[in-house]
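Okay, so here's the structure we're looking at.
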Amino acid sequence: MSQTTHPAGPVVDRIAQCGWAALTDELGEYGSAPTDRLLTAAECREIAALYDEPGHFRTTVDMARHRFGSGQYRYFTHDLPKVVRELREAFYPRLLPVARDWAAKLGRPAPWPDTLQEWIALCHEAGQSKSAQILLRYGPGDWNALHRDVFGEMVFPLQVVIGLDAPGSDFTGGEFLMTEQRPRAQSRGSSTTLFQGHGLVFTTRDRPVATKRGWANGPMRHGVSTVRSGRRHTLGLVFHDAA
């Protein structure tokens, strides 16, 4: 996967060109999978700059105050910036077959309709009506504790994070972390460097794991390692709303 390619065309086309067969296989194997570059450096800078415009957000969370780690993140209002809205709407139909397949393997209901708009309407009917799209900012010494972004009973099992700054020049450290609680075994961890404009699709809470007795639930959590220098921004796309 190239770190220097410049995506062209509408967002929906960029996402369509991500090589979904291989990405789906990697999601099933590890619970996460990197995408090709989705945003240009200029688009990344424009999104990161929104952090200093409070009118785009419904609330700001200080992670240290809540013992979530250190750093800040802000939840967008429902009036999403155009590119954020397009990313979310283009990812949903690509992730929906994976979500339904995982639900079938784990013997769970698959309540997700064919369109994101229908699914969000169901979230709102269930009392989950707050926007869950996140813009995160980390500085030196900041980190994010291992967690899940569930937000209520209505949960979509996959989400996406997109790097908005360049590792090694804008910041150091700050790798994306995941841990997996394996059936009858010790936990396994992984770390991923988020390149500028690239995404990582990952499980919201768990993934199906093949065992000798069939499919088992593999609980997973995600977080961010300590940022050693500079400033790190990321965009989080969540496909359910919050209570």
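Each chain of the structure tokens is named A, B, ... in the order shown, its residues numbered from 1; ligands are numbered from 1 in display order.
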
Need the shell around Ser169 in chain A: protein/DNA/RNA residues with any atom at most 10 Å away, counting only C-alpha atoms. Skip same-chain ones fewer than 4 positions apart. Format as a PyMOL selection string? chain A and resi 165+229-231

DSSP on the backbone, then: every residue of range 2-240 of chain A marked helix (DSSP H, G or I), written as an MDAnalysis selection string. chainID A and resid 11:16 20:30 41:52 54:56 82:105 116:125

Compile a residue-level contact table for range 132-221 of chain A against range 93-100 of chain A at a cut-off of 10 Å, reporting for every qualifying residue the shortest atom pair and its distance in Å to one decimal, with only C-alpha atoms counted, rows ordered by chain and ascending number, as JSON lines.
{"residue": "A:Phe156", "atom": "CA", "partner": "A:Ala99", "partner_atom": "CA", "distance": 7.4}
{"residue": "A:Pro157", "atom": "CA", "partner": "A:Ala99", "partner_atom": "CA", "distance": 6.1}
{"residue": "A:Leu158", "atom": "CA", "partner": "A:Ala99", "partner_atom": "CA", "distance": 7.1}
{"residue": "A:Gln159", "atom": "CA", "partner": "A:Leu95", "partner_atom": "CA", "distance": 8.7}
{"residue": "A:Val201", "atom": "CA", "partner": "A:Leu95", "partner_atom": "CA", "distance": 9.0}
{"residue": "A:Thr203", "atom": "CA", "partner": "A:Ala99", "partner_atom": "CA", "distance": 9.5}
{"residue": "A:Arg207", "atom": "CA", "partner": "A:Ala99", "partner_atom": "CA", "distance": 9.6}

I need the chosen residues saved as a compact mmCIF listing (two decimals), in the first residue's frame, with N, CA and C atoms.
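Contents of part-v8.txt, freshly written:
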# COMPACT_ATOMS: atom_id res chain seq x y z
N PHE A 156 -23.49 -0.71 15.51
CA PHE A 156 -22.94 -1.23 14.26
C PHE A 156 -21.55 -1.77 14.58
N PRO A 157 -21.19 -2.98 14.14
CA PRO A 157 -20.00 -3.66 14.64
C PRO A 157 -18.67 -3.23 14.06
N LEU A 158 -18.67 -2.26 13.13
CA LEU A 158 -17.42 -1.81 12.52
C LEU A 158 -17.38 -0.29 12.50
N GLN A 159 -16.19 0.27 12.58
CA GLN A 159 -16.01 1.71 12.49
C GLN A 159 -14.70 2.01 11.79
N VAL A 201 -10.15 0.35 9.17
CA VAL A 201 -11.45 -0.21 9.54
C VAL A 201 -11.21 -1.19 10.68
N THR A 203 -13.11 -3.39 14.34
CA THR A 203 -14.32 -3.82 15.02
C THR A 203 -14.64 -2.88 16.18
N ARG A 207 -15.16 -9.76 17.18
CA ARG A 207 -15.19 -10.36 15.84
C ARG A 207 -15.41 -11.86 16.00

What's around Lys82 in chain A at 12 Å? Count only C-alpha atoms, leave out sequence neighbours fewer than 5 positions away in its own chain, and write the answer as a list in words. Pro10, Val11, Glu43, Glu46, Ile47, His56, Leu87, Arg88 and Glu89 of chain A

Within 9 Å of Arg45 in chain A using only C-alpha atoms, minus same-chain residues under 5 positions, as a ChimeraX atom specification: /A:40,50,164-165

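If you look at CA of Leu106 in chain A and CA of Asn217 in chain A, they are 6.7 Å away from each other.
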
All strand (DSSP E or B) residues (DSSP, backbone) inside range 28-160 of chain A, as a VMD selection string: chain A and resid 32 to 37 57 to 62 69 to 70 72 to 76 130 134 to 138 143 to 147 158 to 160

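For the set A:His78, A:Leu200, A:Gly223, A:Ala242, the residue with the smallest atom-to-atom gap to Glu26 in chain A is A:Leu200, counting only C-alpha atoms.
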
Check the smallest atom-to-atom distance from each of A:Gln196, A:Gln72, A:Thr115, A:Thr211 to Leu38 in chain A using only C-alpha atoms, then report the winner.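 Closest residue, counting only C-alpha atoms: A:Gln196.
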
CA of Tyr92 in chain A to CA of Pro113 in chain A, straight-line distance in Å: 10.4 Å

Nearest to Gly141 in chain A, chosen from A:Gly163, A:Gly69, A:Gly199, A:Gly127, with only C-alpha atoms counted in the distances: A:Gly69

Go through A:His147, A:Arg85, A:Arg108, A:Arg182 one by one, measure the shortest atom-to-atom distance of each to Arg67 in chain A using only C-alpha atoms, and give the residue with the smallest value.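 Ranking A:His147, A:Arg85, A:Arg108, A:Arg182 by distance to Arg67 in chain A, first place goes to A:His147.
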
Residues at most 9 Å from Ser131 in chain A, counting only C-alpha atoms, excluding those fewer than 6 positions away in the same chain, as a PyMOL selection string? chain A and resi 58+75-78+238+240-242

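Remark: for Val12 in chain A, the closest of the candidate residues A:Ala90, A:Met154, A:Leu194, A:Ala243 is A:Ala90 (distances computed over only C-alpha atoms).
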
Which of these residues is nearest to Pro7 in chain A, using only C-alpha atoms: A:Thr35, A:Thr204, A:Thr24, A:Asn144?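 Checking each of A:Thr35, A:Thr204, A:Thr24, A:Asn144 against Pro7 in chain A, counting only C-alpha atoms, the winner is A:Thr35.
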
Do you have the CA of Arg221 in chain A-CA of Ser70 in chain A distance handy?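 Answer for the CA of Arg221 in chain A to CA of Ser70 in chain A separation: 17.3 Å.
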
Shell of 10 Å around Glu29 in chain A, only C-alpha atoms, local chain residues under 2 positions omitted, as a list in words: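 Result of the neighbour search: Leu23, Thr24, Asp25, Glu26, Leu27, Gly31, Ser32, Ala33, Arg207, Pro208, Val209 and Ala210 of chain A.
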